[in-house]
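First comes the structure, then the notes that go with it.
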Amino acid sequence: MKIDRLEIRIAGFGGQGVVTMGRVLGVAFTIHEGINSVNTHSYGPESRGGSCRSEVVVSQGEIHYPSVRKADILVALSQVALNMYHQDLKADGILLIDPNSVKDVPDDHVCYEVPAMAIASSIGDVKYQNSVVLGALAALLKSKIKKESLRLAVSKNVPPGTIESNLAAFEQGWTHIMKADMIIAKCDKG
Amino acid sequence: MVEKAAKINNQQSNLSLPYIKTGRHYLEGSEACIEGALLAGMKVYAGYPITPASEIMEHASRRLPQFGGRFIQMEDEISAVCTLVGASWAGAKAMTATSSPGFSLMQETISFSIMTETPLVIVDVQRPGPGQGYITTSQEDVMQARYGHHGEGPIIALAPSSVQDMFNLTIEAFNLSEKWRTPVLIMTEETVAHLREQLIVPDLNTIEITKRKKPQDLEIPPEAYLPYGHDLVPPMANFGEGYNINHVGLVHSEDGNVSNYSLKVHLENIERLHQKIEKNVNEISRIEFQFLDDCDHLLVCYGSVARTSLEAVKELRSMHGIKIGFIRLVTLWPFPEEKLRSLISKVKSVFVPEMNMGMIKHPITEALRDRCDQVISMPEIGALHSPEKLIEQIVKRASC
């Protein structure tokens with residue numbers, strides 16, 4: 001898998017696990033796949049509810065500028081986040097949203113939906129929503145990174161005692177996107 | 001005196017200590033800083049929390065007790081840095097970290113540490129000012145690092161630009177501090193402290209650790225010991241080893257005596273403090289550079305701005321046909337004027353992007369006064385410059 005520069009931006013509110021997602025992605029690429037990645041994040045002074053952003057830049061070569069220039073993937077977990085970062089998504093970039101928190105989506109990009117919060121609630125806690133999103137990302141990134149690498153990074157970066165639920169969340173996120181992909185593939189054919 | 005980290009660990013029978021493992025890690029700059037400090041032999045951390053430096057303190061609080069070290073949360077930054085002075089006099093390697101408003105509070109004791117020739121390490125995770133400013137990133141304290149403390153005291157200040165640098169330069173900061181008997185500053189930024197990327201930890205046998213020069217090593221008996229004498233960098237005895245030590249912040253003669261003041265004593269005291277740092281600038285300082293062979297223009301930078309700058313320079317060369325060279329100052333102070341001049345014979349423009357209104361631009365202008373037509377400051381406040389912004393400005397200015 002050759003990666004020149006892959007830029008992923010995750011944005012939402014504090015408490016949604018945005019910072020953790022960035023770290024897990026970075027660990028998956030760098031520790032489990034041996035590919036360079038840089039993870040930056042920014043958040044307001046609030047511990048919950050403030051706007052929050054995490055970015056991961058992945059490259060087989062050196063990574064100088066550590067932040068996103070034009071995102072290949074934008075994960076927007078709030079309407080504010082989508083509105084703020086939508087214009088920095090590449091023309092052929094992919095959007096991933098939670099349809100329950102993002103209602104108003106411009107139709108100029110390929111957009112995948114994963115009801116992360118609802119899935120996480122059904123597993124037992126909304127806190128698992130970031131693992132659902134990571135599962136969805138694993139599916140979107142399947143040509144770039146092995147699913148197992150991300151799964152491993154999730155299991156090693158969540159609190160002990162929550163590994164099983166987080167992995168269940170991850171699997172559901174993965175399945176949701178894989179099914180959506182099949183529908184898109186069918187539409188393309190027919 | 002240099003020893004390998006593995007050997008020092010061995011001497012202390014501490015091989016079972018949980019040093020970071022050789023190999024690849026994925027860490028934040030703050031964590032890499034403390035892991036480097038532990039390998040360098042840090043035994044005391046005293047600090048006061050402040051955004052965005054608190055992660056360094058948190059990591060020290062988790063890790064240092066595992067090494068039998070002392071972690072102390074102090075009542076403020078002033079007492080934090082004073083604690084380092086005491087620890088250092090007792091023979092322990094000591095460090096603290098703070099951010100810009102806290103760095104201001106430490107200035108008095110930085111000056112005192114220079115005068116008493118006390119090795120210690122201070123990390124400033126710079127945030128924008130003045131006042132409480134904000135909690136984002138900045139390079140606004142780089143002049144304060146050199147000129148913020150009172151008196152004619154030279155300083156050593158390093159500027160890391162990656163997680164690997166935070167590890168390597170923290171070890172180097174302790175080494176420089178012990179070698180030159182002086183406080184060393186790590187002038188980092190929120191960008192680097194909060195950034196996560198890979199850290200490669202080499203074999204411990206390859207990491208060199210500088211040991212403090214002591215009178216015992218030079219076979220100087222207690223009765224002949226001069227706490228500020230014997231050499232350009234005086235050997236330093238610990239309290240409790242039978243040596244009479246007079247650590248004083250007043251102007252002093254070689255024996256630490258303040259009562260025989262004369263202009264001659266005064267001049268000798270200050271001249272030696274200067275000479276040990278400024279005369280050894282070429283040994284102390286480091287510069288990194290690329291693309292200097294054919295350059296018409298030059299970009300000089302430091303810290304995390306070096307990352308944006310290198311990306312911009314590569315694009316300017318490959319996509320815009322602008323022959324621009326790249327220089328990164330790893331050491332900010334003592335300012336490596338001679339080294340900088342030796343790299344550049346003549347260029348048209350020198351671009352200096354900084355996350356301040358133009359600070360290191362001044363010593364650069366002085367150093368390259370006859371080597372360029374103009375020095376152009378490229379300020380950014382509160383955030384890294386985007387590569388697009390640097391490219392656009394340089395294209396515009398380089399073609400006129």
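Every chain in the structure tokens takes a letter, A first, then B, and so on in the order presented; its residues are numbered from 1, and the ligands are numbered from 1 following the presented order.
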
Exercise: Glu190 in chain B partners within 6 Å, only C-alpha atoms, chain neighbours under 4 positions left out, as a PyMOL selection string: chain B and resi 52+125+137+194

Quick one: write out the picked residues with C-alpha atoms as a compact mmCIF listing (two decimals), in the first residue's frame?
# COMPACT_ATOMS: atom_id res chain seq x y z
CA PRO B 52 -0.05 23.94 27.26
CA VAL B 125 6.12 25.47 25.92
CA THR B 137 1.14 28.09 19.86
CA HIS B 194 1.03 18.37 21.69

12 Å contact set for Gln16 in chain A, only C-alpha atoms, chain neighbours under 6 positions out, as a VMD selection string: chain A and resid 10 22 43 47 to 54 75 to 78 98 101 116 to 117 120 125 to 133

Those of chain A in DSSP alpha helix (DSSP H), formatted as a PyMOL selection string: chain A and resi 18-27+79-85+116-123+129-140+147-156+163-189

Using only C-alpha atoms, select each residue of chain A with any atom at most 8 Å away from an atom of chain B, and give the selection as a tab-separated table (two decimals) with C-alpha atoms, in the first residue's frame.
chain	number	residue	atom	x	y	z
A	23	ARG	CA	-4.38	8.94	18.35
A	26	GLY	CA	-1.87	7.35	14.26
A	27	VAL	CA	-0.91	4.30	16.32
A	30	THR	CA	2.71	4.01	12.54
A	31	ILE	CA	3.05	1.22	15.09
A	36	ASN	CA	4.73	7.60	9.15
A	37	SER	CA	1.87	9.56	10.61
A	38	VAL	CA	1.51	12.79	12.54
A	39	ASN	CA	-1.43	13.52	14.80
A	40	THR	CA	-2.34	17.01	15.96
A	41	HIS	CA	-5.37	18.15	17.87
A	64	HIS	CA	7.00	18.11	7.39
A	65	TYR	CA	3.89	20.28	7.74
A	66	PRO	CA	1.99	18.41	10.46
A	69	ARG	CA	-3.76	21.17	3.94

Distance query His176 in chain A at most 9 Å, only C-alpha atoms, self and fewer than 6 positions along chain excluded, as a PyMOL selection string: chain A and resi 113-115+135-136+139

Members of range 272-395 of chain B assigned strand (DSSP E) by DSSP, as a count of residues only: 34

Minimum-distance residue to Gly17 in chain A, chosen among A:Asp92, A:Leu134, A:Val56, A:His109 (using only C-alpha atoms): A:Leu134

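Interatomic distance, CA of Pro336 in chain B to CA of His252 in chain B: 29.3 Å.
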
Contacts of Thr162 in chain A within 12 Å, only C-alpha atoms, excl. fewer than 4 positions in-chain, as a PyMOL selection string: chain A and resi 123-125+127-128+131+154-158+166-169

Would you mind exporting C-alpha atoms of the selected residues as a PDB file, in the first residue's frame?
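The result, written out as result.pdb:
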ATOM      1  CA  ILE A 123     -24.167  -1.366  22.716  1.00  0.00           C
ATOM      2  CA  GLY A 124     -24.518   0.280  26.092  1.00  0.00           C
ATOM      3  CA  ASP A 125     -22.835   3.692  26.170  1.00  0.00           C
ATOM      4  CA  LYS A 127     -18.889   6.773  24.727  1.00  0.00           C
ATOM      5  CA  TYR A 128     -18.320   3.926  22.240  1.00  0.00           C
ATOM      6  CA  SER A 131     -15.043   3.186  18.025  1.00  0.00           C
ATOM      7  CA  VAL A 154      -8.521   0.308  19.281  1.00  0.00           C
ATOM      8  CA  SER A 155      -8.092  -2.610  21.673  1.00  0.00           C
ATOM      9  CA  LYS A 156      -4.805  -1.204  22.985  1.00  0.00           C
ATOM     10  CA  ASN A 157      -5.992   2.375  23.424  1.00  0.00           C
ATOM     11  CA  VAL A 158      -9.304   2.044  25.275  1.00  0.00           C
ATOM     12  CA  ASN A 166     -15.411  -0.944  21.886  1.00  0.00           C
ATOM     13  CA  LEU A 167     -14.547  -3.771  19.487  1.00  0.00           C
ATOM     14  CA  ALA A 168     -18.251  -4.583  19.055  1.00  0.00           C
ATOM     15  CA  ALA A 169     -18.786  -0.906  18.206  1.00  0.00           C
TER      16      ALA A 169
END

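What separates CA of Glu35 in chain B from CA of Val121 in chain B is a distance of 14.2 Å.
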
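Taking CA of Phe71 in chain B and CA of Met57 in chain B as endpoints, the distance between them is 8.9 Å.
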
Shell of 12 Å around Pro160 in chain B, only C-alpha atoms, local chain residues under 5 positions omitted, as a PyMOL selection string: chain B and resi 29-30+32-33+123-126+139+165-173+185-193+195+286-288+301-307+328-332

Near-Pro227 in chain B list (10 Å; only C-alpha atoms; drop same-chain fewer than 6 positions) as a ChimeraX atom specification: /B:116-117,215,234-237,243-247,253-257
